[in-house]
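Have a look at structure-v6.txt; it's compact mmCIF, C-alpha atoms and all ligand atoms:
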# COMPACT_ATOMS: atom_id res chain seq x y z
CA MET A 1127 -95.89 98.76 -76.25
CA ALA A 1128 -99.10 99.04 -78.33
CA GLU A 1129 -101.63 96.30 -77.58
CA LEU A 1130 -102.51 93.80 -80.30
CA GLY A 1131 -105.97 93.88 -81.83
CA VAL A 1132 -108.19 90.90 -81.12
CA PHE A 1133 -107.99 89.52 -84.68
CA GLU A 1134 -104.22 89.86 -84.87
CA THR A 1135 -104.01 88.08 -81.51
CA MET A 1136 -106.22 85.19 -82.66
CA TYR A 1137 -104.56 84.78 -86.05
CA SER A 1138 -101.03 84.70 -84.66
CA MET A 1139 -101.69 82.57 -81.57
CA ARG A 1140 -100.07 79.37 -82.72
CA ALA A 1141 -99.16 76.52 -80.37
CA ILE A 1142 -95.83 77.30 -78.71
CA ARG A 1143 -94.13 74.19 -77.33
CA ARG A 1144 -90.55 75.39 -76.93
CA LEU A 1145 -90.41 77.79 -74.03
CA LYS A 1146 -87.66 79.66 -72.22
CA PRO A 1147 -87.17 78.83 -68.52
CA ASP A 1148 -87.27 82.54 -67.55
CA PRO A 1149 -89.71 83.19 -64.70
CA ILE A 1150 -93.03 84.91 -65.34
CA PRO A 1151 -93.83 87.82 -62.97
CA GLU A 1152 -96.64 87.03 -60.55
CA ASP A 1153 -98.61 90.11 -61.66
CA THR A 1154 -98.56 88.82 -65.22
CA LEU A 1155 -99.88 85.45 -64.07
CA ARG A 1156 -102.68 87.14 -62.11
CA LYS A 1157 -103.57 89.25 -65.15
CA ILE A 1158 -103.77 86.16 -67.37
CA ILE A 1159 -106.07 84.31 -64.97
CA ASP A 1160 -108.22 87.42 -64.53
CA ALA A 1161 -108.64 87.64 -68.31
CA GLY A 1162 -109.48 83.94 -68.34
CA ILE A 1163 -112.33 84.25 -65.87
CA HIS A 1164 -113.95 87.06 -67.83
CA SER A 1165 -115.26 84.35 -70.14
CA PRO A 1166 -118.82 82.99 -70.02
CA SER A 1167 -119.81 80.00 -67.87
CA GLY A 1168 -123.05 78.03 -67.56
CA GLY A 1169 -125.42 79.92 -65.26
CA ASN A 1170 -122.42 82.16 -64.53
CA LEU A 1171 -121.57 79.59 -61.82
CA GLN A 1172 -117.81 80.02 -62.39
CA ASP A 1173 -117.14 76.62 -60.84
CA TRP A 1174 -113.49 76.62 -61.76
CA ALA A 1175 -110.00 76.89 -60.28
CA PHE A 1176 -106.57 77.42 -61.79
CA ILE A 1177 -103.45 75.87 -60.32
CA LEU A 1178 -100.14 77.49 -61.22
CA VAL A 1179 -97.38 74.96 -60.59
CA ARG A 1180 -94.00 76.67 -60.33
CA ASP A 1181 -92.09 74.53 -57.84
CA ALA A 1182 -89.54 72.04 -59.16
CA GLU A 1183 -91.05 69.04 -57.37
CA GLY A 1184 -94.56 69.60 -58.71
CA LYS A 1185 -93.34 70.20 -62.26
CA ARG A 1186 -91.11 67.12 -62.08
CA PHE A 1187 -94.03 64.95 -60.96
CA ILE A 1188 -96.16 66.19 -63.84
CA ARG A 1189 -93.35 65.86 -66.39
CA ASP A 1190 -92.49 62.29 -65.36
CA HIS A 1191 -96.10 61.12 -65.73
CA TYR A 1192 -96.74 63.16 -68.91
CA TRP A 1193 -93.53 61.92 -70.55
CA GLY A 1194 -94.30 58.34 -69.49
CA ILE A 1195 -97.72 58.49 -71.15
CA TRP A 1196 -96.24 60.14 -74.24
CA GLN A 1197 -93.70 57.33 -74.63
CA LYS A 1198 -96.40 54.70 -74.08
CA LEU A 1199 -98.57 56.30 -76.78
CA GLN A 1200 -95.70 56.39 -79.27
CA ALA A 1201 -94.33 52.90 -78.49
CA GLY A 1202 -94.57 50.53 -81.44
CA ARG A 1203 -95.90 53.28 -83.70
CA PRO A 1204 -93.10 54.13 -86.14
CA LEU A 1205 -93.67 57.40 -88.01
CA PRO A 1206 -95.06 56.83 -91.53
CA ALA A 1207 -92.39 57.49 -94.16
CA ASN A 1208 -94.69 59.86 -96.06
CA LEU A 1209 -95.56 62.03 -93.05
CA PRO A 1210 -95.68 65.66 -94.26
CA ALA A 1211 -92.82 67.79 -92.92
CA THR A 1212 -95.23 70.14 -91.12
CA GLN A 1213 -96.80 67.24 -89.18
CA LEU A 1214 -93.38 65.84 -88.37
CA ARG A 1215 -92.38 69.21 -86.92
CA VAL A 1216 -95.52 69.31 -84.75
CA LEU A 1217 -94.81 65.79 -83.45
CA GLN A 1218 -91.19 66.64 -82.71
CA ALA A 1219 -92.21 69.81 -80.89
CA ALA A 1220 -94.89 67.94 -78.91
CA ALA A 1221 -92.30 65.30 -77.95
CA HIS A 1222 -89.87 68.04 -76.91
CA LEU A 1223 -92.55 69.60 -74.72
CA ALA A 1224 -93.36 66.25 -73.11
CA GLU A 1225 -89.73 65.50 -72.33
CA HIS A 1226 -88.91 69.01 -71.07
CA LEU A 1227 -92.19 69.94 -69.40
CA ASP A 1228 -90.51 70.47 -66.03
CA GLU A 1229 -88.23 73.13 -67.54
CA VAL A 1230 -91.05 75.59 -68.30
CA PRO A 1231 -91.54 78.29 -65.66
CA VAL A 1232 -95.22 77.54 -65.00
CA ILE A 1233 -97.57 74.64 -65.62
CA LEU A 1234 -101.17 75.82 -65.49
CA LEU A 1235 -103.93 73.33 -64.67
CA ALA A 1236 -107.46 74.48 -65.48
CA CYS A 1237 -109.88 72.72 -63.14
CA ALA A 1238 -113.67 72.56 -63.36
CA ARG A 1239 -116.43 71.08 -61.26
CA LYS A 1240 -117.21 67.72 -62.88
CA ASP A 1241 -120.94 68.28 -63.22
CA TYR A 1242 -123.34 71.15 -63.87
CA PRO A 1243 -125.96 70.73 -61.13
CA PRO A 1244 -129.07 72.05 -62.94
CA PHE A 1245 -128.64 69.37 -65.64
CA ALA A 1246 -126.96 66.67 -63.53
CA ARG A 1247 -129.69 66.51 -60.87
CA ALA A 1248 -132.31 66.05 -63.61
CA GLY A 1249 -130.30 63.20 -65.17
CA TYR A 1250 -129.27 65.13 -68.29
CA ASP A 1251 -125.68 63.89 -68.23
CA ARG A 1252 -124.82 64.83 -71.80
CA ALA A 1253 -125.97 68.42 -71.21
CA SER A 1254 -124.11 68.47 -67.89
CA VAL A 1255 -120.80 67.42 -69.45
CA ALA A 1256 -121.30 69.84 -72.38
CA THR A 1257 -121.87 72.69 -69.94
CA VAL A 1258 -118.84 71.81 -67.82
CA HIS A 1259 -116.56 71.81 -70.86
CA GLY A 1260 -118.42 74.66 -72.53
CA SER A 1261 -117.59 76.71 -69.44
CA ILE A 1262 -113.94 75.84 -68.77
CA TYR A 1263 -112.64 75.88 -72.36
CA PRO A 1264 -113.69 79.47 -73.12
CA ALA A 1265 -111.73 80.47 -69.98
CA VAL A 1266 -108.75 78.47 -71.26
CA GLN A 1267 -109.03 80.18 -74.65
CA ASN A 1268 -109.12 83.59 -72.95
CA ILE A 1269 -106.02 82.60 -71.01
CA MET A 1270 -104.24 81.63 -74.23
CA LEU A 1271 -105.24 84.91 -75.90
CA ALA A 1272 -104.06 86.88 -72.86
CA CYS A 1273 -100.75 84.99 -73.00
CA ARG A 1274 -100.35 85.87 -76.67
CA ALA A 1275 -101.18 89.52 -76.01
CA LEU A 1276 -98.58 89.65 -73.23
CA GLY A 1277 -95.89 87.90 -75.27
CA LEU A 1278 -96.14 84.53 -73.55
CA GLY A 1279 -96.35 81.23 -75.39
CA THR A 1280 -98.55 78.27 -74.50
CA VAL A 1281 -100.43 75.29 -75.91
CA ILE A 1282 -103.54 73.52 -74.66
CA THR A 1283 -102.94 69.83 -73.86
CA THR A 1284 -105.00 66.96 -72.45
CA ILE A 1285 -102.49 64.12 -71.97
CA HIS A 1286 -102.70 64.64 -68.20
CA CYS A 1287 -106.19 63.05 -68.34
CA CYS A 1288 -104.34 59.73 -68.69
CA PHE A 1289 -102.96 60.20 -65.15
CA GLU A 1290 -105.59 62.52 -63.74
CA GLU A 1291 -106.25 60.61 -60.49
CA GLU A 1292 -102.55 60.55 -59.54
CA LEU A 1293 -102.30 64.24 -60.45
CA LYS A 1294 -105.32 65.16 -58.34
CA GLN A 1295 -104.02 63.19 -55.39
CA HIS A 1296 -100.55 64.71 -55.65
CA LEU A 1297 -101.84 68.30 -55.73
CA GLY A 1298 -104.74 67.85 -53.32
CA ILE A 1299 -107.43 68.59 -55.91
CA PRO A 1300 -110.91 67.79 -54.53
CA ALA A 1301 -112.77 64.75 -55.86
CA GLU A 1302 -115.60 66.82 -57.35
CA MET A 1303 -113.20 68.68 -59.64
CA GLU A 1304 -111.67 67.54 -62.93
CA VAL A 1305 -108.47 68.81 -64.52
CA SER A 1306 -109.74 69.92 -67.91
CA ALA A 1307 -106.55 71.25 -69.47
CA LEU A 1308 -102.82 71.51 -68.87
CA LEU A 1309 -101.00 74.50 -70.30
CA PRO A 1310 -97.26 75.13 -70.11
CA LEU A 1311 -96.63 78.88 -69.88
CA GLY A 1312 -93.40 80.66 -70.78
CA TYR A 1313 -91.71 83.14 -73.04
CA PRO A 1314 -91.37 81.58 -76.49
CA GLN A 1315 -88.05 80.43 -77.91
CA GLY A 1316 -89.40 80.96 -81.44
CA LYS A 1317 -91.87 83.31 -83.06
CA PHE A 1318 -95.66 83.56 -82.86
CA GLY A 1319 -98.09 82.71 -85.72
CA PRO A 1320 -99.50 82.75 -88.25
CA THR A 1321 -101.79 79.75 -87.84
CA THR A 1322 -102.90 77.81 -90.90
CA ARG A 1323 -106.41 76.42 -91.12
CA LYS A 1324 -108.68 74.89 -93.77
CA PRO A 1325 -110.83 77.56 -95.44
CA ALA A 1326 -113.98 78.48 -93.52
CA GLU A 1327 -115.98 78.22 -96.75
CA GLY A 1328 -115.83 74.41 -96.63
CA ILE A 1329 -117.52 74.18 -93.22
CA ILE A 1330 -120.21 76.83 -93.46
CA HIS A 1331 -123.73 75.49 -94.06
CA TRP A 1332 -126.34 78.10 -94.85
CA GLU A 1333 -129.75 77.61 -93.25
CA ARG A 1334 -129.45 73.77 -93.10
CA TRP A 1335 -126.83 71.02 -93.25
CA GLY A 1336 -125.32 70.54 -96.71
CA GLN A 1337 -126.42 73.85 -98.19
CA LYS A 1338 -123.14 75.48 -99.16
CA GLY A 1339 -124.53 78.73 -100.46
C1 LIG B 1 -108.11 69.29 -76.99
C2 LIG B 1 -106.70 69.54 -77.45
C3 LIG B 1 -105.69 68.71 -77.01
C4 LIG B 1 -104.37 68.93 -77.42
N1 LIG B 1 -103.37 68.13 -76.93
C5 LIG B 1 -102.08 68.40 -77.23
C6 LIG B 1 -101.02 67.64 -76.67
O1 LIG B 1 -101.25 66.69 -75.92
N2 LIG B 1 -99.76 67.97 -76.95
C7 LIG B 1 -99.45 69.03 -77.78
O2 LIG B 1 -98.28 69.33 -77.98
N3 LIG B 1 -100.44 69.77 -78.36
C8 LIG B 1 -101.74 69.49 -78.09
N4 LIG B 1 -102.75 70.24 -78.63
C9 LIG B 1 -102.41 71.37 -79.50
C10 LIG B 1 -102.76 71.11 -80.96
O3 LIG B 1 -101.84 70.19 -81.51
C11 LIG B 1 -102.72 72.45 -81.69
O4 LIG B 1 -103.71 73.29 -81.14
C12 LIG B 1 -102.96 72.29 -83.18
O5 LIG B 1 -101.97 71.49 -83.75
C13 LIG B 1 -102.97 73.65 -83.88
O6 LIG B 1 -101.72 74.25 -83.71
P1 LIG B 1 -101.42 75.72 -84.26
O7 LIG B 1 -102.35 76.65 -83.57
O8 LIG B 1 -99.98 75.97 -83.95
O9 LIG B 1 -101.68 75.70 -85.74
C14 LIG B 1 -104.07 70.00 -78.29
C15 LIG B 1 -105.10 70.84 -78.73
C16 LIG B 1 -106.39 70.63 -78.31
C17 LIG B 1 -107.48 71.58 -78.78

How does this structure look as structure tokens?
Amino acid sequence: MAELGVFETMYSMRAIRRLKPDPIPEDTLRKIIDAGIHSPSGGNLQDWAFILVRDAEGKRFIRDHYWGIWQKLQAGRPLPANLPATQLRVLQAAAHLAEHLDEVPVILLACARKDYPPFARAGYDRASVATVHGSIYPAVQNIMLACRALGLGTVITTIHCCFEEELKQHLGIPAEMEVSALLPLGYPQGKFGPTTRKPAEGIIHWERWGQKG
């Protein structure tokens, strides 16, 4: 099978929330993580770890907490009558993912060291946090691109941050690490892309803020 070009991969890598339960070969999972860690990181410290949860008990634990938070967030918030159909579909798909999270073959947790020592020890907390997230999220993006290239669907999510301490305790994640992203991985039930975005023209400023060219 011919490999996708990088632009085709990016432009067709939409969020996939409905996934088949079919297992993902271990070699494929290793390949995805290897692609992920070929991303940049602050000082090239590579202070990250990736947990691949495949066992039923672990996935059930995550699903129960994730779904609980989802329901709490939605409680007492009826959908506005004029919600555009596209947004309604996203919400329905996100709810489906939350309720059926334990049915996906793999839940990937991207973990990062909570601080970036060169900034943290000098008291530059804002720079420390920016470097932590600026290091783990490029790896997550690489992972998503690798998934797309290999025919796997995924979506980046952060709801687990609402139960992060319980999650860390359950999976034995060390105190100095955070869980930066949760990604369900699986073969898609539907089709990939294309993604729709606002035109780039509206957000490009030439030379200084406000100068639209
Ligand atoms: C930081 C972040 C958090 C997100 N959290 C969730 C989430 O909790 N649940 C979910 O289904 N999608 C989540 N998403 C996915 C977004 O909804 C998705 O990327 C966006 O709607 C664009 O989708 P598209 O690429 O299919 O157009 C999150 C995305 C980001 C970047």

Closest atom pairs, chain A residues within 6 Å of ligand LIG 1 (chain B), all atoms listed in the file, as a Markdown table:
| residue | atom | partner | partner_atom | distance |
| --- | --- | --- | --- | --- |
| A:Arg1140 | CA | B:LIG1 | O8 | 3.6 |
| A:Ala1141 | CA | B:LIG1 | O8 | 3.7 |
| A:Ala1220 | CA | B:LIG1 | O2 | 3.8 |
| A:Val1281 | CA | B:LIG1 | C9 | 5.7 |
| A:Ile1282 | CA | B:LIG1 | C14 | 5.1 |
| A:Thr1283 | CA | B:LIG1 | N1 | 3.5 |
| A:Thr1284 | CA | B:LIG1 | N1 | 4.9 |
| A:Ile1285 | CA | B:LIG1 | O1 | 4.9 |
| A:Thr1321 | CA | B:LIG1 | O9 | 4.6 |
| A:Thr1322 | CA | B:LIG1 | O9 | 5.7 |

Based on the selection just made, write C-alpha atoms of those residues as a short mmCIF file (atom, residue, chain, number, x, y, z; two decimals), keeping the file's coordinate frame.
data_model
loop_
_atom_site.label_atom_id
_atom_site.label_comp_id
_atom_site.auth_asym_id
_atom_site.auth_seq_id
_atom_site.Cartn_x
_atom_site.Cartn_y
_atom_site.Cartn_z
CA ARG A 1140 -100.07 79.37 -82.72
CA ALA A 1141 -99.16 76.52 -80.37
CA ALA A 1220 -94.89 67.94 -78.91
CA VAL A 1281 -100.43 75.29 -75.91
CA ILE A 1282 -103.54 73.52 -74.66
CA THR A 1283 -102.94 69.83 -73.86
CA THR A 1284 -105.00 66.96 -72.45
CA ILE A 1285 -102.49 64.12 -71.97
CA THR A 1321 -101.79 79.75 -87.84
CA THR A 1322 -102.90 77.81 -90.90
#

Do you know which residues lie at most 12 Å from (-115.9, 72.6, -66.3), with coordinates as in the file and all atoms listed in the file counted, and could you write them as a PDB file with C-alpha atoms, keeping the file's coordinate frame?
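Written out: part_39.pdb:
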ATOM      1  CA  PRO A1166    -118.820  82.990 -70.020  1.00  0.00           C
ATOM      2  CA  SER A1167    -119.810  80.000 -67.870  1.00  0.00           C
ATOM      3  CA  GLY A1168    -123.050  78.030 -67.560  1.00  0.00           C
ATOM      4  CA  ASN A1170    -122.420  82.160 -64.530  1.00  0.00           C
ATOM      5  CA  LEU A1171    -121.570  79.590 -61.820  1.00  0.00           C
ATOM      6  CA  GLN A1172    -117.810  80.020 -62.390  1.00  0.00           C
ATOM      7  CA  ASP A1173    -117.140  76.620 -60.840  1.00  0.00           C
ATOM      8  CA  TRP A1174    -113.490  76.620 -61.760  1.00  0.00           C
ATOM      9  CA  ALA A1175    -110.000  76.890 -60.280  1.00  0.00           C
ATOM     10  CA  PHE A1176    -106.570  77.420 -61.790  1.00  0.00           C
ATOM     11  CA  ALA A1236    -107.460  74.480 -65.480  1.00  0.00           C
ATOM     12  CA  CYS A1237    -109.880  72.720 -63.140  1.00  0.00           C
ATOM     13  CA  ALA A1238    -113.670  72.560 -63.360  1.00  0.00           C
ATOM     14  CA  ARG A1239    -116.430  71.080 -61.260  1.00  0.00           C
ATOM     15  CA  LYS A1240    -117.210  67.720 -62.880  1.00  0.00           C
ATOM     16  CA  ASP A1241    -120.940  68.280 -63.220  1.00  0.00           C
ATOM     17  CA  TYR A1242    -123.340  71.150 -63.870  1.00  0.00           C
ATOM     18  CA  PRO A1243    -125.960  70.730 -61.130  1.00  0.00           C
ATOM     19  CA  ALA A1253    -125.970  68.420 -71.210  1.00  0.00           C
ATOM     20  CA  SER A1254    -124.110  68.470 -67.890  1.00  0.00           C
ATOM     21  CA  VAL A1255    -120.800  67.420 -69.450  1.00  0.00           C
ATOM     22  CA  ALA A1256    -121.300  69.840 -72.380  1.00  0.00           C
ATOM     23  CA  THR A1257    -121.870  72.690 -69.940  1.00  0.00           C
ATOM     24  CA  VAL A1258    -118.840  71.810 -67.820  1.00  0.00           C
ATOM     25  CA  HIS A1259    -116.560  71.810 -70.860  1.00  0.00           C
ATOM     26  CA  GLY A1260    -118.420  74.660 -72.530  1.00  0.00           C
ATOM     27  CA  SER A1261    -117.590  76.710 -69.440  1.00  0.00           C
ATOM     28  CA  ILE A1262    -113.940  75.840 -68.770  1.00  0.00           C
ATOM     29  CA  TYR A1263    -112.640  75.880 -72.360  1.00  0.00           C
ATOM     30  CA  PRO A1264    -113.690  79.470 -73.120  1.00  0.00           C
ATOM     31  CA  ALA A1265    -111.730  80.470 -69.980  1.00  0.00           C
ATOM     32  CA  VAL A1266    -108.750  78.470 -71.260  1.00  0.00           C
ATOM     33  CA  GLU A1302    -115.600  66.820 -57.350  1.00  0.00           C
ATOM     34  CA  MET A1303    -113.200  68.680 -59.640  1.00  0.00           C
ATOM     35  CA  GLU A1304    -111.670  67.540 -62.930  1.00  0.00           C
ATOM     36  CA  VAL A1305    -108.470  68.810 -64.520  1.00  0.00           C
ATOM     37  CA  SER A1306    -109.740  69.920 -67.910  1.00  0.00           C
ATOM     38  CA  ALA A1307    -106.550  71.250 -69.470  1.00  0.00           C
TER      39      ALA A1307
END

Where is the centre and how long are the edges: axis-aligned box on segment 1267-1274 of chain A, 5 Å on each side, Å to one decimal, as JSON:
{"center_x": -104.7, "center_y": 83.5, "center_z": -73.8, "size_x": 18.8, "size_y": 16.7, "size_z": 15.7}

Best match for closeness to Lys1146 of chain A among A:Glu1129, A:Glu1229, A:Glu1290, A:Glu1333, counting only C-alpha atoms: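 Nearest candidate to Lys1146 of chain A out of A:Glu1129, A:Glu1229, A:Glu1290, A:Glu1333: A:Glu1229.
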
So that I can see what lies close to Ile1188 of chain A, please list as a PDB file with C-alpha atoms, in the coordinates of the input the residues with an atom at most 9 Å from it, counting all atoms listed in the file and leaving out residues fewer than 4 positions away in the same chain.
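Output contents, as saved in part-v8.pdb:
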ATOM      1  CA  GLU A1183     -91.050  69.040 -57.370  1.00  0.00           C
ATOM      2  CA  GLY A1184     -94.560  69.600 -58.710  1.00  0.00           C
ATOM      3  CA  TYR A1192     -96.740  63.160 -68.910  1.00  0.00           C
ATOM      4  CA  TRP A1193     -93.530  61.920 -70.550  1.00  0.00           C
ATOM      5  CA  LEU A1227     -92.190  69.940 -69.400  1.00  0.00           C
ATOM      6  CA  ASP A1228     -90.510  70.470 -66.030  1.00  0.00           C
ATOM      7  CA  ILE A1233     -97.570  74.640 -65.620  1.00  0.00           C
ATOM      8  CA  HIS A1286    -102.700  64.640 -68.200  1.00  0.00           C
ATOM      9  CA  LEU A1293    -102.300  64.240 -60.450  1.00  0.00           C
TER      10      LEU A1293
END

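Among the candidates A:Ala1201, A:His1222, A:His1331, A:Cys1273, the residue lying nearest to Arg1156 of chain A is A:Cys1273 (atoms considered: only C-alpha atoms).
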
Pick from A:Ala1161, A:Ile1269, A:Ala1326, A:Leu1199 nearest to Leu1234 of chain A, counting all atoms listed in the file: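 Ranking A:Ala1161, A:Ile1269, A:Ala1326, A:Leu1199 by distance to Leu1234 of chain A, first place goes to A:Ile1269.
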
Spatial neighbours of Leu1223 of chain A, 9 Å, all atoms listed in the file, chain gap at least 2 places, as an MDAnalysis selection string: chainID A and resid 1143:1145 1193 1218:1221 1225:1228 1230 1310

Atom CA of Leu1178 of chain A and atom CA of Ala1272 of chain A, how far apart in Å?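 Between atom CA of Ala1272 of chain A and atom CA of Leu1178 of chain A the gap works out to 15.5 Å.
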
Looking at all atoms listed in the file, which of A:Gln1315, A:Pro1149, A:Cys1288, A:Gly1277 is the one that sits closest to Trp1196 of chain A?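 Closest residue, counting all atoms listed in the file: A:Cys1288.
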